[in-house]
$ cat protein.tsv   # TSV, C-alpha atoms
chain	number	residue	atom	x	y	z
A	1	MET	CA	0.00	0.00	0.00
A	2	CYS	CA	1.30	3.41	-0.92
A	3	LYS	CA	2.97	5.67	1.62
A	4	GLU	CA	0.45	8.50	1.05
A	5	PHE	CA	-2.34	6.24	2.29
A	6	TYR	CA	-0.63	6.00	5.67
A	7	GLU	CA	0.20	9.67	6.16
A	8	LYS	CA	-3.22	10.94	7.15
A	9	ASP	CA	-3.92	14.02	9.22
A	10	LEU	CA	-6.84	12.88	11.36
A	11	ASN	CA	-8.57	14.93	14.00
A	12	GLU	CA	-9.37	13.58	17.46
A	13	ALA	CA	-12.98	12.74	16.57
A	14	GLN	CA	-11.84	10.72	13.53
A	15	VAL	CA	-9.24	8.86	15.60
A	16	ASP	CA	-11.90	8.06	18.21
A	17	LEU	CA	-14.27	6.82	15.51
A	18	ILE	CA	-11.60	4.62	13.93
A	19	PHE	CA	-10.66	3.26	17.37
A	20	GLU	CA	-14.32	2.37	18.03
A	21	LYS	CA	-14.68	0.67	14.64
A	22	LEU	CA	-11.48	-1.33	15.11
A	23	TYR	CA	-12.44	-2.27	18.63
A	24	LYS	CA	-15.89	-3.49	17.57
A	25	GLY	CA	-14.65	-4.94	14.28
A	26	ILE	CA	-11.65	-6.96	15.43
A	27	ILE	CA	-10.64	-6.62	19.11
A	28	LEU	CA	-14.05	-7.43	20.60
A	29	GLU	CA	-14.37	-10.46	18.32
A	30	ILE	CA	-11.00	-11.87	19.35
A	31	ASP	CA	-11.65	-11.19	23.04
A	32	ALA	CA	-15.10	-12.82	22.91
A	33	ILE	CA	-13.79	-15.91	21.11
A	34	ASP	CA	-10.87	-16.25	23.53
A	35	ASN	CA	-13.29	-16.04	26.47
A	36	GLY	CA	-15.87	-18.45	25.03
A	37	VAL	CA	-18.58	-15.87	24.41
A	38	ASN	CA	-20.90	-16.97	21.59
A	39	GLN	CA	-22.45	-14.54	19.10
A	40	ALA	CA	-25.87	-16.07	19.67
A	41	GLU	CA	-27.52	-18.43	22.13
A	42	GLU	CA	-28.18	-21.10	19.52
A	43	LEU	CA	-25.48	-21.47	16.90
A	44	LYS	CA	-26.69	-22.70	13.53
A	45	TYR	CA	-23.15	-23.26	12.25
A	46	SER	CA	-19.55	-22.84	13.29
A	47	ILE	CA	-17.21	-20.23	11.87
A	48	SER	CA	-13.71	-21.65	11.58
A	49	THR	CA	-12.11	-19.02	9.37
A	50	ASN	CA	-12.03	-16.11	11.81
A	51	LEU	CA	-8.76	-14.55	12.90
A	52	SER	CA	-8.65	-16.52	16.14
A	53	SER	CA	-8.98	-19.78	14.21
A	54	ARG	CA	-6.32	-18.77	11.71
A	55	VAL	CA	-3.94	-17.87	14.55
A	56	GLY	CA	-4.83	-21.03	16.45
A	57	VAL	CA	-3.41	-23.29	13.77
A	58	TYR	CA	0.04	-22.04	14.77
A	59	ASN	CA	-0.21	-23.61	18.21
A	60	SER	CA	2.17	-26.52	18.15
A	61	PRO	CA	0.40	-29.86	17.90
A	62	TRP	CA	0.50	-31.87	21.12
A	63	ASN	CA	2.38	-34.65	19.36
A	64	ALA	CA	4.74	-32.49	17.27
A	65	PRO	CA	8.36	-33.55	17.26
A	66	GLN	CA	10.67	-31.44	19.38
A	67	GLY	CA	12.67	-28.94	17.40
A	68	ALA	CA	12.99	-25.38	16.18
A	69	GLN	CA	10.29	-25.77	13.51
A	70	TYR	CA	7.58	-26.14	16.16
A	71	SER	CA	9.11	-23.98	18.87
A	72	GLN	CA	6.62	-21.78	20.66
A	73	HIS	CA	8.61	-18.69	19.67
A	74	ALA	CA	8.68	-19.60	15.95
A	75	GLN	CA	4.97	-20.40	15.91
A	76	PHE	CA	4.13	-17.19	17.79
A	77	LYS	CA	6.02	-15.12	15.20
A	78	LYS	CA	4.01	-16.74	12.40
A	79	ALA	CA	0.75	-15.98	14.23
A	80	MET	CA	1.87	-12.39	14.81
A	81	LYS	CA	2.35	-11.85	11.07
A	82	ILE	CA	-1.20	-12.99	10.33
A	83	THR	CA	-2.61	-10.83	13.10
A	84	GLU	CA	-0.62	-7.80	11.99
A	85	LYS	CA	-1.83	-8.16	8.38
A	86	ALA	CA	-5.45	-8.48	9.49
A	87	PHE	CA	-5.22	-5.47	11.79
A	88	VAL	CA	-3.45	-3.27	9.24
A	89	HIS	CA	-5.98	-4.28	6.59
A	90	LYS	CA	-8.87	-3.24	8.86
A	91	LEU	CA	-7.12	-0.01	9.82
A	92	TYR	CA	-6.37	0.81	6.18
A	93	GLY	CA	-9.99	0.19	5.23
A	94	GLN	CA	-11.35	2.42	7.98
A	95	VAL	CA	-8.94	5.30	7.31
A	96	ASN	CA	-8.82	5.21	3.52
A	97	ILE	CA	-12.15	3.76	2.43
A	98	VAL	CA	-14.86	4.06	5.09
A	99	LEU	CA	-13.91	7.40	6.66
A	100	PRO	CA	-13.67	9.34	3.36
A	101	ALA	CA	-17.09	7.97	2.37
A	102	LYS	CA	-18.63	9.62	5.43
A	103	LYS	CA	-18.38	13.07	3.81
A	104	ILE	CA	-20.01	11.84	0.59
A	105	VAL	CA	-22.85	10.23	2.53
A	106	GLN	CA	-23.33	13.32	4.70
A	107	GLU	CA	-23.58	15.54	1.60
A	108	ALA	CA	-26.11	13.18	-0.02
A	109	TRP	CA	-28.07	13.04	3.23
A	110	ASP	CA	-28.17	16.82	3.49
A	111	ALA	CA	-29.35	17.10	-0.14
A	112	ARG	CA	-31.99	14.35	0.01
A	113	GLU	CA	-34.92	16.81	0.07
A	114	SER	CA	-33.71	18.42	-3.13
A	115	PHE	CA	-33.64	14.96	-4.74
A	116	HIS	CA	-37.12	13.98	-3.52
A	117	SER	CA	-39.46	15.99	-1.31
A	118	SER	CA	-40.28	12.96	0.86
A	119	ASN	CA	-36.72	12.78	2.26
A	120	GLN	CA	-37.00	9.02	1.79
A	121	PHE	CA	-34.45	8.77	-1.02
A	122	ILE	CA	-30.77	9.54	-1.21
A	123	TRP	CA	-28.86	10.04	-4.44
A	124	PHE	CA	-25.15	9.30	-4.58
A	125	GLU	CA	-23.16	10.74	-7.47
A	126	LYS	CA	-20.66	7.89	-7.08
A	127	SER	CA	-20.61	4.59	-5.27
A	128	CYS	CA	-19.11	4.39	-1.80
A	129	PRO	CA	-19.56	2.43	1.45
A	130	TRP	CA	-22.75	4.07	2.65
A	131	LYS	CA	-24.73	1.73	4.91
A	132	GLU	CA	-23.09	2.30	8.27
A	133	HIS	CA	-23.01	6.05	7.68
A	134	VAL	CA	-26.70	6.18	6.76
A	135	TYR	CA	-27.59	4.09	9.83
A	136	GLU	CA	-25.70	6.55	12.04
A	137	LEU	CA	-27.39	9.53	10.39
A	138	GLU	CA	-30.79	7.89	10.84
A	139	LYS	CA	-30.07	7.35	14.54
A	140	THR	CA	-29.08	10.95	15.09
A	141	THR	CA	-32.10	12.20	13.14
A	142	GLU	CA	-34.49	10.11	15.24
A	143	GLN	CA	-33.17	11.54	18.52
$ encode --input "protein.tsv" --output "structure tokens"
Amino acid sequence: MCKEFYEKDLNEAQVDLIFEKLYKGIILEIDAIDNGVNQAEELKYSISTNLSSRVGVYNSPWNAPQGAQYSQHAQFKKAMKITEKAFVHKLYGQVNIVLPAKKIVQEAWDARESFHSSNQFIWFEKSCPWKEHVYELEKTTEQ
């Protein structure tokens, strides 16, 4: 990923928002899985491709031969690389994709009456991640 995508000048509110999204989108999931907290009372299926599962495969098998290949340190470093990539990918997405879309959605939201007098329709000049921003705007409008 290009250097300019990492050199962002974010204000405190944006940093707080990104922190909240990362916490809810990755940290809370890992913490819940590690502590045995299910997403629902009755699970209809098992998810075995989440980050915790992908990291878990680097735990040395109980019957692995002794040696450097399966050392706890070597396996931990492999798991760290996967975790780092997942975290950086989420961070990149929030900073460079989701956050910039917020302005586009806000502008479309503010102009919705000029698009249709009912205020029930929003027109976007270009595609962007809009759902979570619209849900937040709806919440603040209802209050």
$ closest_residue --input "protein.tsv" --among "A:Asn96, A:Arg112, A:Glu138, A:Val55" --to "Lys77 (chain A)" --atoms "only C-alpha atoms"
A:Val55
$ residues_around --input "protein.tsv" --residues "Gly93 (chain A)" --least-positions-apart "4" --cutoff "12 Å" --atoms "only C-alpha atoms" --output "PyMOL selection string"
chain A and resi 1+5-6+18+21-22+25+86-89+97-101+129
$ axis_aligned_box --input "protein.tsv" --around "region 87-103 of chain A" --padding-each-side "8 Å" --output "lines of an AutoDock Vina configuration file"
center_x = -11.0
center_y = 3.8
center_z = 7.1
size_x = 31.2
size_y = 34.5
size_z = 25.4
$ closest_residue --input "protein.tsv" --among "A:Thr83, A:Gln75, A:Asn119, A:Asn38" --to "Pro61 (chain A)" --atoms "only C-alpha atoms"
A:Gln75
$ atom_distance --input "protein.tsv" --atom1 "CA of Ser53 (chain A)" --atom2 "CA of Gln66 (chain A)"
23.4 Å
$ closest_residue --input "protein.tsv" --among "A:Lys24, A:Lys90, A:Lys139, A:His133" --to "Ala108 (chain A)" --atoms "all atoms listed in the file"
A:His133
$ closest_residue --input "protein.tsv" --among "A:Val57, A:Met80, A:Val15, A:Ile104" --to "Trp130 (chain A)" --atoms "all atoms listed in the file"
A:Ile104
$ atom_distance --input "protein.tsv" --atom1 "CA of Glu142 (chain A)" --atom2 "CA of Leu17 (chain A)"
20.5 Å
$ atom_distance --input "protein.tsv" --atom1 "CA of Ser52 (chain A)" --atom2 "CA of Gly36 (chain A)"
11.6 Å
$ closest_residue --input "protein.tsv" --among "A:Lys126, A:Lys102, A:His116, A:Arg54" --to "Lys81 (chain A)" --atoms "all atoms listed in the file"
A:Arg54
$ closest_residue --input "protein.tsv" --among "A:Ala64, A:Ala13, A:Ile30, A:Ala79" --to "Asn50 (chain A)" --atoms "only C-alpha atoms"
A:Ile30
